[in-house]
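*Asks:* My structure is in query13.cif, and what it holds is mmCIF, C-alpha atoms:
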```
data_start
#
loop_
_atom_site.label_atom_id
_atom_site.label_comp_id
_atom_site.auth_asym_id
_atom_site.auth_seq_id
_atom_site.Cartn_x
_atom_site.Cartn_y
_atom_site.Cartn_z
CA MET A 1 -18.82 15.23 8.46
CA ASN A 2 -15.27 16.64 8.46
CA ILE A 3 -15.38 19.90 6.42
CA ILE A 4 -12.34 18.92 4.36
CA LYS A 5 -13.89 15.56 3.55
CA VAL A 6 -17.13 17.26 2.47
CA LYS A 7 -15.23 19.53 0.08
CA ASP A 8 -13.11 16.67 -1.22
CA ARG A 9 -16.17 14.48 -1.76
CA LEU A 10 -17.79 17.25 -3.84
CA GLU A 11 -14.56 17.71 -5.79
CA LEU A 12 -14.31 13.95 -6.30
CA GLU A 13 -17.85 13.78 -7.67
CA LYS A 14 -17.00 16.66 -10.00
CA ARG A 15 -13.87 14.97 -11.38
CA ILE A 16 -15.08 11.37 -11.74
CA PRO A 17 -16.99 12.06 -15.02
CA THR A 18 -13.68 13.15 -16.57
CA MET A 19 -12.25 9.66 -15.92
CA PRO A 20 -12.67 6.48 -18.04
CA TRP A 21 -15.41 4.12 -16.89
CA TYR A 22 -12.96 1.60 -15.44
CA ILE A 23 -11.38 4.21 -13.15
CA GLU A 24 -14.84 5.23 -11.96
CA LYS A 25 -15.47 1.54 -11.24
CA PHE A 26 -12.24 1.36 -9.24
CA ILE A 27 -13.08 4.50 -7.23
CA ASN A 28 -16.51 3.12 -6.36
CA TYR A 29 -14.87 -0.14 -5.28
CA LYS A 30 -12.48 1.75 -2.95
CA LEU A 31 -15.04 4.22 -1.60
CA PRO A 32 -16.05 2.18 1.48
CA ASP A 33 -12.41 1.75 2.55
CA LEU A 34 -10.74 5.06 1.70
CA SER A 35 -11.66 8.64 2.55
CA PRO A 36 -12.83 11.04 -0.20
CA SER A 37 -9.57 12.96 0.32
CA SER A 38 -7.46 9.87 -0.46
CA LEU A 39 -9.57 8.96 -3.49
CA LEU A 40 -9.33 12.52 -4.78
CA GLU A 41 -5.53 12.20 -4.67
CA TYR A 42 -5.86 8.97 -6.68
CA VAL A 43 -7.97 10.74 -9.31
CA ARG A 44 -5.48 13.62 -9.55
CA ASP A 45 -2.67 11.10 -10.07
CA TYR A 46 -4.68 9.36 -12.80
CA GLU A 47 -5.32 12.70 -14.51
CA ILE A 48 -1.58 13.27 -14.76
CA PHE A 49 -1.02 9.75 -16.09
CA LEU A 50 -3.81 9.88 -18.68
CA SER A 51 -2.79 13.36 -19.85
CA TRP A 52 0.75 12.06 -20.30
CA LEU A 53 -0.52 9.06 -22.31
CA LEU A 54 -2.37 11.37 -24.68
CA ALA A 55 0.54 13.83 -24.98
CA GLU A 56 2.99 11.00 -25.77
CA GLY A 57 0.71 9.51 -28.41
CA LEU A 58 0.34 6.28 -26.45
CA SER A 59 -3.41 6.63 -26.81
CA SER A 60 -5.36 8.02 -29.74
CA ALA A 61 -8.45 8.73 -27.62
CA PRO A 62 -9.94 12.20 -28.12
CA SER A 63 -10.14 12.82 -24.34
CA MET A 64 -9.07 11.34 -21.00
CA ASN A 65 -12.40 9.71 -20.25
CA GLN A 66 -12.26 7.82 -23.53
CA VAL A 67 -8.85 6.17 -23.07
CA PRO A 68 -9.64 2.45 -23.61
CA LEU A 69 -8.40 -0.41 -21.45
CA GLU A 70 -6.53 -1.79 -24.45
CA ASP A 71 -4.14 1.18 -24.32
CA LEU A 72 -3.17 0.20 -20.77
CA GLU A 73 -2.58 -3.42 -21.82
CA LYS A 74 -0.19 -2.32 -24.58
CA LEU A 75 2.11 -0.34 -22.30
CA HIS A 76 5.76 -1.45 -22.22
CA MET A 77 8.16 -1.13 -19.32
CA ASP A 78 10.00 1.52 -21.35
CA SER A 79 6.82 3.59 -21.27
CA VAL A 80 6.56 3.23 -17.49
CA ASP A 81 10.23 4.29 -17.14
CA ASN A 82 9.54 7.29 -19.37
CA PHE A 83 6.57 8.24 -17.20
CA ARG A 84 8.78 7.99 -14.12
CA MET A 85 11.31 10.32 -15.79
CA PHE A 86 8.49 12.69 -16.72
CA LEU A 87 7.41 12.85 -13.07
CA ALA A 88 10.98 13.52 -11.98
CA THR A 89 11.18 16.61 -14.22
CA ARG A 90 7.90 18.12 -13.04
CA LYS A 91 8.06 21.01 -10.58
CA VAL A 92 6.66 19.67 -7.34
CA GLN A 93 6.79 21.16 -3.87
CA ALA A 94 7.01 17.87 -2.04
CA ASN A 95 9.93 15.45 -2.02
CA VAL A 96 10.33 14.31 -5.65
CA LYS A 97 11.05 10.67 -4.81
CA THR A 98 8.08 10.44 -2.47
CA THR A 99 5.81 12.07 -5.04
CA ILE A 100 6.88 9.65 -7.79
CA ASN A 101 6.43 6.63 -5.52
CA ARG A 102 2.96 7.77 -4.53
CA LYS A 103 1.82 8.20 -8.13
CA LEU A 104 3.27 4.85 -9.20
CA SER A 105 1.64 3.23 -6.19
CA ALA A 106 -1.72 4.70 -7.23
CA LEU A 107 -1.26 3.19 -10.70
CA ARG A 108 -0.28 -0.18 -9.23
CA SER A 109 -3.47 -0.21 -7.18
CA LEU A 110 -5.57 0.55 -10.25
CA PHE A 111 -3.86 -2.03 -12.47
CA HIS A 112 -4.06 -4.67 -9.73
CA TYR A 113 -7.78 -4.10 -9.36
CA LEU A 114 -8.38 -4.29 -13.11
CA SER A 115 -6.28 -7.44 -13.59
CA GLN A 116 -6.99 -9.37 -10.37
CA ILE A 117 -10.36 -8.27 -8.99
CA ALA A 118 -12.66 -6.71 -11.59
CA GLU A 119 -14.27 -9.07 -14.14
CA ASP A 120 -16.16 -8.74 -17.42
CA ASP A 121 -19.46 -10.47 -18.20
CA ASN A 122 -17.63 -13.70 -18.99
CA PHE A 123 -15.75 -13.69 -15.66
CA TYR A 124 -12.43 -12.76 -17.28
CA PRO A 125 -10.21 -10.02 -15.81
CA LEU A 126 -10.87 -6.59 -17.28
CA LEU A 127 -7.15 -6.12 -17.83
CA LYS A 128 -5.41 -9.09 -19.43
CA ARG A 129 -1.84 -7.79 -19.00
CA ASN A 130 -0.59 -5.81 -16.01
CA VAL A 131 2.68 -4.01 -16.76
CA MET A 132 2.60 -2.26 -13.35
CA ALA A 133 3.07 -5.63 -11.61
CA LYS A 134 6.70 -5.46 -12.80
CA VAL A 135 7.30 -2.04 -11.31
CA GLU A 136 9.28 -2.01 -8.08
CA ILE A 137 8.59 0.86 -5.73
CA LYS A 138 11.39 1.42 -3.27
CA ARG A 139 10.08 2.81 -0.03
CA SER A 140 12.14 4.47 2.68
CA HIS A 141 10.17 4.90 5.88
CA ARG A 142 12.89 4.19 8.40
CA PRO A 143 12.27 6.36 11.48
CA LYS A 144 16.00 6.98 11.82
CA ASP A 145 16.17 8.45 8.30
CA SER A 146 13.14 10.67 8.93
CA ALA A 147 14.66 11.86 12.19
CA ALA A 148 17.93 12.72 10.45
CA LYS A 149 16.06 14.98 8.00
CA LEU A 150 14.36 16.83 10.85
CA GLU A 151 17.44 17.38 13.02
CA GLY A 152 18.10 21.08 13.53
CA LYS A 153 14.74 22.04 11.99
CA LEU A 154 12.56 21.82 15.09
CA LEU A 155 12.02 23.98 18.15
CA GLN A 156 13.79 22.59 21.20
CA GLU A 157 12.45 22.96 24.75
CA GLU A 158 13.02 26.65 25.62
CA GLU A 159 12.66 27.64 21.95
CA ILE A 160 9.00 26.60 22.09
CA VAL A 161 8.38 29.18 24.82
CA GLU A 162 10.52 31.76 23.01
CA PHE A 163 8.66 31.35 19.72
CA ILE A 164 5.25 31.74 21.38
CA ALA A 165 6.52 34.85 23.20
CA TYR A 166 7.81 36.25 19.90
CA VAL A 167 4.41 35.83 18.24
CA GLN A 168 2.74 37.41 21.25
CA HIS A 169 5.08 40.40 21.65
CA GLY A 170 8.33 40.35 19.67
CA TYR A 171 6.95 40.44 16.13
CA GLU A 172 5.42 43.86 16.78
CA HIS A 173 8.86 45.47 17.16
CA ASP A 174 10.13 43.91 13.93
CA VAL A 175 7.29 45.37 11.83
CA ALA A 176 6.95 48.68 13.69
CA THR A 177 7.75 50.70 10.53
CA ASN A 178 5.40 48.71 8.28
CA LYS A 179 1.91 50.17 8.87
CA GLN A 180 0.07 47.48 6.92
CA ALA A 181 1.86 44.61 8.65
CA LEU A 182 1.44 46.29 12.03
CA TYR A 183 -2.31 46.77 11.50
CA SER A 184 -2.77 43.13 10.51
CA TYR A 185 -0.73 42.01 13.51
CA GLU A 186 -2.68 44.13 16.00
CA LEU A 187 -5.93 42.73 14.59
CA ASN A 188 -4.87 39.09 14.64
CA LYS A 189 -2.12 38.65 17.25
CA ILE A 190 -4.42 37.08 19.89
CA ARG A 191 -5.77 34.63 17.30
CA ASP A 192 -2.33 33.86 15.87
CA THR A 193 -0.83 33.38 19.32
CA CYS A 194 -3.66 31.01 20.16
CA ILE A 195 -3.19 28.92 17.01
CA ILE A 196 0.57 28.54 17.43
CA THR A 197 0.30 27.93 21.19
CA LEU A 198 -2.35 25.27 20.66
CA ILE A 199 -0.31 23.39 18.04
CA LEU A 200 2.85 23.53 20.16
CA ASN A 201 0.92 22.19 23.15
CA SER A 202 -1.18 19.50 21.48
CA GLY A 203 0.51 18.41 18.24
CA LEU A 204 -2.63 18.98 16.14
CA ARG A 205 -2.38 18.71 12.35
CA VAL A 206 -3.24 21.73 10.21
CA SER A 207 -6.39 19.97 8.97
CA GLU A 208 -7.46 19.38 12.57
CA VAL A 209 -6.90 23.04 13.49
CA PHE A 210 -8.81 24.11 10.38
CA ASN A 211 -11.79 21.91 11.28
CA LEU A 212 -12.09 23.07 14.89
CA ASN A 213 -15.41 24.52 16.01
CA VAL A 214 -16.00 26.59 19.13
CA ASP A 215 -17.89 23.79 20.87
CA ASP A 216 -15.00 21.36 20.25
CA ILE A 217 -12.98 23.05 23.00
CA ASP A 218 -13.35 21.94 26.61
CA LEU A 219 -11.13 24.17 28.77
CA LYS A 220 -12.01 22.40 32.02
CA LYS A 221 -10.94 18.99 30.75
CA LYS A 222 -8.07 20.49 28.73
CA LEU A 223 -9.08 18.75 25.51
CA THR A 224 -10.48 19.36 22.07
CA TYR A 225 -12.44 17.06 19.81
CA VAL A 226 -11.12 16.49 16.29
CA TYR A 227 -11.69 14.31 13.24
CA ARG A 228 -8.57 12.16 13.08
CA LYS A 229 -6.79 11.51 9.79
CA GLY A 230 -7.31 7.98 8.45
CA LYS A 231 -10.54 7.37 10.36
CA ASN A 232 -13.48 7.03 7.98
CA ASP A 233 -16.11 7.24 10.70
CA ASP A 234 -17.28 10.83 10.60
CA THR A 235 -19.86 10.27 13.33
CA PHE A 236 -17.48 10.59 16.27
CA LYS A 237 -14.67 12.99 16.99
CA THR A 238 -11.56 11.96 18.90
CA PRO A 239 -10.61 13.78 22.14
CA VAL A 240 -7.10 15.24 22.03
CA TYR A 241 -5.57 16.78 25.16
CA PHE A 242 -3.64 20.03 25.26
CA ARG A 243 -1.23 21.20 27.92
CA ASN A 244 -1.93 23.88 30.55
CA GLU A 245 0.07 26.40 28.53
CA ALA A 246 -2.69 26.52 25.89
CA ILE A 247 -5.54 27.33 28.30
CA GLN A 248 -4.82 31.06 28.65
CA ALA A 249 -4.25 31.53 24.90
CA LEU A 250 -7.57 29.82 24.12
CA THR A 251 -9.37 31.80 26.84
CA ASP A 252 -8.01 35.12 25.50
CA TYR A 253 -8.97 34.30 21.92
CA ILE A 254 -12.47 32.97 22.65
CA ALA A 255 -13.15 36.16 24.64
CA ILE A 256 -12.56 38.40 21.59
CA ARG A 257 -13.63 36.01 18.78
CA SER A 258 -17.15 37.39 18.34
CA THR A 259 -16.45 41.08 18.89
CA ARG A 260 -13.32 41.24 16.76
CA TYR A 261 -14.34 39.01 13.84
CA LYS A 262 -18.14 39.54 13.97
CA PRO A 263 -19.12 36.13 12.55
CA LEU A 264 -22.67 35.28 11.55
CA LYS A 265 -24.58 33.34 14.20
CA LYS A 266 -24.43 30.17 12.11
CA GLU A 267 -20.61 30.30 11.88
CA LYS A 268 -19.30 27.60 14.21
CA ALA A 269 -15.62 27.75 13.25
CA LEU A 270 -13.21 28.46 16.09
CA PHE A 271 -10.55 30.28 14.09
CA LEU A 272 -11.84 33.10 11.90
CA ALA A 273 -10.53 35.59 9.38
CA ILE A 274 -12.20 38.52 7.63
CA ALA A 275 -11.67 38.31 3.87
CA ASN A 276 -11.16 41.44 1.77
CA GLY A 277 -14.47 43.11 0.99
CA LYS A 278 -16.33 41.29 3.74
CA LYS A 279 -17.49 42.40 7.17
CA GLU A 280 -18.12 39.02 8.82
CA GLY A 281 -15.42 36.60 9.88
CA GLU A 282 -15.40 33.17 8.28
CA ARG A 283 -13.47 29.94 8.90
CA MET A 284 -9.76 30.39 8.21
CA THR A 285 -8.40 28.36 5.32
CA LYS A 286 -5.68 25.76 5.77
CA ARG A 287 -3.41 27.89 3.60
CA ALA A 288 -3.93 30.93 5.83
CA ILE A 289 -2.99 28.90 8.91
CA GLN A 290 0.13 27.59 7.19
CA GLU A 291 1.11 31.04 5.95
CA LEU A 292 0.80 32.71 9.34
CA VAL A 293 3.20 30.15 10.85
CA ILE A 294 5.69 30.74 8.03
CA LYS A 295 5.36 34.54 8.44
CA TYR A 296 6.32 34.47 12.11
CA ALA A 297 8.93 31.73 11.64
CA LYS A 298 10.87 33.77 9.07
CA ARG A 299 11.06 36.81 11.35
CA PHE A 300 11.98 34.58 14.28
CA GLY A 301 14.97 33.30 12.32
CA LYS A 302 13.61 29.80 11.68
CA PRO A 303 12.39 30.03 8.03
CA TYR A 304 12.13 26.24 7.72
CA LEU A 305 9.36 26.00 10.33
CA SER A 306 5.88 24.96 9.21
CA VAL A 307 2.71 23.74 10.93
CA HIS A 308 3.96 20.18 10.52
CA LYS A 309 7.32 21.01 12.08
CA LEU A 310 5.55 22.67 15.01
CA ARG A 311 3.70 19.36 15.43
CA HIS A 312 7.04 17.53 15.33
CA SER A 313 8.45 20.00 17.87
CA PHE A 314 5.61 19.29 20.27
CA ALA A 315 5.91 15.52 19.72
CA THR A 316 9.64 15.49 20.45
CA ASP A 317 9.13 17.48 23.64
CA TYR A 318 6.13 15.34 24.64
CA TYR A 319 8.01 12.09 24.04
CA LEU A 320 10.76 13.20 26.43
CA GLN A 321 8.16 13.22 29.23
CA ASN A 322 6.04 10.23 28.16
CA ASP A 323 6.38 6.89 26.40
CA LEU A 324 6.01 5.74 22.81
CA TYR A 325 2.40 4.62 23.10
CA LYS A 326 1.17 7.77 24.84
CA THR A 327 2.85 9.82 22.12
CA GLN A 328 1.29 7.63 19.43
CA GLU A 329 -2.17 8.16 20.93
CA GLN A 330 -1.69 11.91 21.35
CA LEU A 331 -0.60 12.37 17.73
CA GLY A 332 -3.15 9.98 16.26
CA HIS A 333 -0.59 7.72 14.55
CA ALA A 334 -1.99 4.45 13.21
CA SER A 335 1.23 2.58 13.98
CA PRO A 336 3.92 2.92 16.70
CA GLU A 337 6.51 2.64 13.92
CA THR A 338 5.58 6.15 12.78
CA THR A 339 6.06 7.45 16.31
CA GLN A 340 9.55 5.91 16.60
CA ILE A 341 10.95 8.92 14.78
CA TYR A 342 10.77 10.78 18.10
CA ALA A 343 12.81 8.13 19.86
CA HIS A 344 15.69 8.96 17.50
CA LEU A 345 15.13 12.71 17.78
CA THR A 346 15.05 12.63 21.58
CA ASP A 347 18.19 10.48 21.75
CA ARG A 348 20.02 13.36 20.08
CA THR A 349 18.28 15.97 22.25
CA MET A 350 19.18 14.17 25.49
CA SER A 351 22.76 13.70 24.34
CA GLU A 352 23.10 17.44 23.67
CA ALA A 353 21.54 18.25 27.05
CA ILE A 354 24.10 16.04 28.84
CA ASP A 355 26.94 17.70 26.92
CA LYS A 356 25.67 21.15 28.03
CA ARG A 357 25.61 20.06 31.68
CA LEU A 358 29.16 18.70 31.45
CA GLU A 359 30.40 21.95 29.93
CA SER A 360 28.82 24.12 32.62
#
```
Can you present the structure in this file as structure tokens?
*Replies:*
Amino acid sequence: MNIIKVKDRLELEKRIPTMPWYIEKFINYKLPDLSPSSLLEYVRDYEIFLSWLLAEGLSSAPSMNQVPLEDLEKLHMDSVDNFRMFLATRKVQANVKTTINRKLSALRSLFHYLSQIAEDDNFYPLLKRNVMAKVEIKRSHRPKDSAAKLEGKLLQEEEIVEFIAYVQHGYEHDVATNKQALYSYELNKIRDTCIITLILNSGLRVSEVFNLNVDDIDLKKKLTYVYRKGKNDDTFKTPVYFRNEAIQALTDYIAIRSTRYKPLKKEKALFLAIANGKKEGERMTKRAIQELVIKYAKRFGKPYLSVHKLRHSFATDYYLQNDLYKTQEQLGHASPETTQIYAHLTDRTMSEAIDKRLES
């Protein structure tokens, strides 16, 4: 099973006992359809909601797992509006509006299940009154809007090559006077170059890079096997192709993986790191992968770059040479609507390219 899903399933099992019985019932109902990672996000959202109920005195229960259904039935729209305002004032890293919508959507799903699907022993709905049915969640998923937010924040054509070259050679000059940074770079530059080159030539997600094992890579066929987001079948991995540019970077890294990071024989992870106080390399964390991209991006003069924006950079470049459906398949999007963002991004890119030709 996907390593992230294994960890999230364990975390989910750990948190469920802290929830009221009816939320546990809802989670069990959703388990066949949603991944442990998605259900864990639901539980985290419910923790915030229940904690808020207790803090506001809207429930007199001594703990979260004892909040009765009756307290949910008594909620007024004013209370829901107050909860929305509470969410808006919380410090969140993600887009505030998106975060609020997601949490309200999680509550709507729970309330709908309790009022429309789940029944008591007498075949009556568990929840007699559903205040969340009145809550309107405005969604904005227009590809054109998403493209507008990304404009100017992605690597364009030659910048992809320049960024990889910077990670491979240029960064060393910028940290030449910092012994600690220079030592870390010399130790990890082949690995870091490989990670960034692979993402920029395949469009892999950070979770997919994190989960990669050595035997997932097939250099001859130019593909890697990954667990795709949204697919609950953990039996089969999906083949994802990478471009020729990634072959040399992968070859260089695989050649030094064992000697430089000295992993235990049972360690299958492709990308390794040696933690402080340890001698053997272990699977890199998602955070470490994200942080190394940010580290190089800042020095390169593109501080807004992230793993996800590298994926977008690849996708925009790939779309210029392929069609919508090939791009959708390469990125693992469930719907072509999600992929349409690159149609809008490439329209702008092609327009700028034409302007440059006319000026020259």
*Asks:* Just want the 9 Å neighbourhood of Lys5 in chain A, counted on only C-alpha atoms, with same-chain residues fewer than 4 positions away dropped. Output as a list of chain:residue names.
*Replies:* A:Met1, A:Arg9, A:Leu10, A:Ser35, A:Pro36, A:Ser37
*Asks:* Given the point (-19.4, 30.2, 16.8) in the coordinates of this file, which residues lie within 6 Å, counting all atoms listed in the file, and how would they look as a short mmCIF file (atom, residue, chain, number, x, y, z; two decimals) with C-alpha atoms, in the coordinates of the input?
*Replies:*
```cif
data_model
loop_
_atom_site.label_atom_id
_atom_site.label_comp_id
_atom_site.auth_asym_id
_atom_site.auth_seq_id
_atom_site.Cartn_x
_atom_site.Cartn_y
_atom_site.Cartn_z
CA VAL A 214 -16.00 26.59 19.13
CA GLU A 267 -20.61 30.30 11.88
CA LYS A 268 -19.30 27.60 14.21
CA ALA A 269 -15.62 27.75 13.25
#
```
*Asks:* By how many Å are CA of Pro125 in chain A and CA of Tyr113 in chain A apart?
*Replies:* 9.1 Å
*Asks:* Would you pick out the contacts of Pro20 in chain A at 9 Å or less, using all atoms listed in the file, so that residues sharing its chain but fewer than 6 positions from it are not included, and give the list as an mmCIF file with C-alpha atoms, in the coordinates of the input?
*Replies:*
```cif
data_model
loop_
_atom_site.group_PDB
_atom_site.id
_atom_site.type_symbol
_atom_site.label_atom_id
_atom_site.label_comp_id
_atom_site.auth_asym_id
_atom_site.auth_seq_id
_atom_site.Cartn_x
_atom_site.Cartn_y
_atom_site.Cartn_z
ATOM 1 C CA MET A 64 -9.070 11.340 -21.000
ATOM 2 C CA ASN A 65 -12.400 9.710 -20.250
ATOM 3 C CA GLN A 66 -12.260 7.820 -23.530
ATOM 4 C CA VAL A 67 -8.850 6.170 -23.070
ATOM 5 C CA PRO A 68 -9.640 2.450 -23.610
ATOM 6 C CA LEU A 69 -8.400 -0.410 -21.450
#
```
*Asks:* Let me make sure I understand: among A:Ala106, A:Ile48, A:Ala297, A:Leu58, which one has the smallest atom-to-atom distance to Asp78 in chain A if we use only C-alpha atoms?
*Replies:*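 Of all the options, A:Leu58 lies closest to Asp78 in chain A.
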*Asks:* Report the residues retrieved by the PyMOL selection byres ((chain A and resi 261) around 12) from the displayed file, expressed as a PyMOL selection string.
*Replies:* chain A and resi 187-188+190-191+253-260+262-265+267+269-275+278-284
*Asks:* Which residues, written as a VMD selection string, have at least one atom at most 7 Å from range 107-111 of chain A, with all atoms listed in the file counted and residues fewer than 6 positions away on the same chain left out?
*Replies:* chain A and resid 26 130 132 to 133
*Asks:* Run the PyMOL selection byres ((chain A and resi 217) around 10) on the file and write out the hits as a list in words.
*Replies:*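 For this structure, the PyMOL selection byres ((chain A and resi 217) around 10) resolves to Leu212, Asn213, Val214, Asp215, Asp216, Asp218, Leu219, Lys220, Lys221, Lys222, Leu223, Thr224, Tyr225, Val226, Pro239, Val240, Tyr241, Leu250, Ile254 and Leu270 of chain A.
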*Asks:* May I have the selected residues written with C-alpha atoms, as a short mmCIF file (atom, residue, chain, number, x, y, z; two decimals), in the frame of the given file?
*Replies:*
```cif
data_model
loop_
_atom_site.label_atom_id
_atom_site.label_comp_id
_atom_site.auth_asym_id
_atom_site.auth_seq_id
_atom_site.Cartn_x
_atom_site.Cartn_y
_atom_site.Cartn_z
CA LEU A 212 -12.09 23.07 14.89
CA ASN A 213 -15.41 24.52 16.01
CA VAL A 214 -16.00 26.59 19.13
CA ASP A 215 -17.89 23.79 20.87
CA ASP A 216 -15.00 21.36 20.25
CA ASP A 218 -13.35 21.94 26.61
CA LEU A 219 -11.13 24.17 28.77
CA LYS A 220 -12.01 22.40 32.02
CA LYS A 221 -10.94 18.99 30.75
CA LYS A 222 -8.07 20.49 28.73
CA LEU A 223 -9.08 18.75 25.51
CA THR A 224 -10.48 19.36 22.07
CA TYR A 225 -12.44 17.06 19.81
CA VAL A 226 -11.12 16.49 16.29
CA PRO A 239 -10.61 13.78 22.14
CA VAL A 240 -7.10 15.24 22.03
CA TYR A 241 -5.57 16.78 25.16
CA LEU A 250 -7.57 29.82 24.12
CA ILE A 254 -12.47 32.97 22.65
CA LEU A 270 -13.21 28.46 16.09
#
```
*Asks:* From the options A:Met77, A:Val161, A:Val209, A:Ala55, which residue's atoms come nearest to Val307 in chain A, counting all atoms listed in the file?
*Replies:*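 The shortest atom-to-atom distance to Val307 in chain A comes from A:Val209.
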*Asks:* I need the residue nearest Gln321 in chain A from this list: A:Ile23, A:Ala343, A:Leu75, A:Val293. Use only C-alpha atoms for the distance.
*Replies:*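 Closest to Gln321 in chain A, using only C-alpha atoms: A:Ala343.
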*Asks:* I'd like the residues picked by the PyMOL selection byres ((chain A and resi 189) around 12) written out as a PyMOL selection string, using the chain letters and numbers from the file.
*Replies:* chain A and resi 164-172+181-188+190-197+249+252-253+256-257+260+273+292-293+296
*Asks:* Could you write those residues out with C-alpha atoms, as a PDB file, in the coordinates of the input?
*Replies:*
```pdb
ATOM      1  CA  ILE A 164       5.250  31.740  21.380  1.00  0.00           C
ATOM      2  CA  ALA A 165       6.520  34.850  23.200  1.00  0.00           C
ATOM      3  CA  TYR A 166       7.810  36.250  19.900  1.00  0.00           C
ATOM      4  CA  VAL A 167       4.410  35.830  18.240  1.00  0.00           C
ATOM      5  CA  GLN A 168       2.740  37.410  21.250  1.00  0.00           C
ATOM      6  CA  HIS A 169       5.080  40.400  21.650  1.00  0.00           C
ATOM      7  CA  GLY A 170       8.330  40.350  19.670  1.00  0.00           C
ATOM      8  CA  TYR A 171       6.950  40.440  16.130  1.00  0.00           C
ATOM      9  CA  GLU A 172       5.420  43.860  16.780  1.00  0.00           C
ATOM     10  CA  ALA A 181       1.860  44.610   8.650  1.00  0.00           C
ATOM     11  CA  LEU A 182       1.440  46.290  12.030  1.00  0.00           C
ATOM     12  CA  TYR A 183      -2.310  46.770  11.500  1.00  0.00           C
ATOM     13  CA  SER A 184      -2.770  43.130  10.510  1.00  0.00           C
ATOM     14  CA  TYR A 185      -0.730  42.010  13.510  1.00  0.00           C
ATOM     15  CA  GLU A 186      -2.680  44.130  16.000  1.00  0.00           C
ATOM     16  CA  LEU A 187      -5.930  42.730  14.590  1.00  0.00           C
ATOM     17  CA  ASN A 188      -4.870  39.090  14.640  1.00  0.00           C
ATOM     18  CA  ILE A 190      -4.420  37.080  19.890  1.00  0.00           C
ATOM     19  CA  ARG A 191      -5.770  34.630  17.300  1.00  0.00           C
ATOM     20  CA  ASP A 192      -2.330  33.860  15.870  1.00  0.00           C
ATOM     21  CA  THR A 193      -0.830  33.380  19.320  1.00  0.00           C
ATOM     22  CA  CYS A 194      -3.660  31.010  20.160  1.00  0.00           C
ATOM     23  CA  ILE A 195      -3.190  28.920  17.010  1.00  0.00           C
ATOM     24  CA  ILE A 196       0.570  28.540  17.430  1.00  0.00           C
ATOM     25  CA  THR A 197       0.300  27.930  21.190  1.00  0.00           C
ATOM     26  CA  ALA A 249      -4.250  31.530  24.900  1.00  0.00           C
ATOM     27  CA  ASP A 252      -8.010  35.120  25.500  1.00  0.00           C
ATOM     28  CA  TYR A 253      -8.970  34.300  21.920  1.00  0.00           C
ATOM     29  CA  ILE A 256     -12.560  38.400  21.590  1.00  0.00           C
ATOM     30  CA  ARG A 257     -13.630  36.010  18.780  1.00  0.00           C
ATOM     31  CA  ARG A 260     -13.320  41.240  16.760  1.00  0.00           C
ATOM     32  CA  ALA A 273     -10.530  35.590   9.380  1.00  0.00           C
ATOM     33  CA  LEU A 292       0.800  32.710   9.340  1.00  0.00           C
ATOM     34  CA  VAL A 293       3.200  30.150  10.850  1.00  0.00           C
ATOM     35  CA  TYR A 296       6.320  34.470  12.110  1.00  0.00           C
TER      36      TYR A 296
END
```
*Asks:* CA of Leu155 in chain A to CA of Ser313 in chain A: how many Å, to one decimal?
*Replies:*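 One can read the CA of Leu155 in chain A to CA of Ser313 in chain A distance as 5.4 Å.
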*Asks:* Choose the residue, out of A:Tyr319, A:Tyr325, A:Phe314, A:Phe49, that has the smallest atom-to-atom separation from Arg84 in chain A; count only C-alpha atoms.
*Replies:*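 That would be A:Phe49, the residue with the smallest distance to Arg84 in chain A.
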*Asks:* Can you tell me how far CA of Glu136 in chain A sits from CA of Arg44 in chain A, in Å to one decimal?
*Replies:*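 Separation between CA of Glu136 in chain A and CA of Arg44 in chain A: 21.5 Å.
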*Asks:* Select, from A:Phe236, A:Ser202, A:Asp33, A:Arg129, the residue with the minimum atom-to-atom distance to Asp71 in chain A, counting all atoms listed in the file.
*Replies:* A:Arg129
*Asks:* Go through A:Met19, A:Ala246, A:Tyr29, A:Gln328 and flag the residue nearest Leu50 in chain A, using all atoms listed in the file for the distances.
*Replies:*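 Closest to Leu50 in chain A of all the choices is A:Met19.
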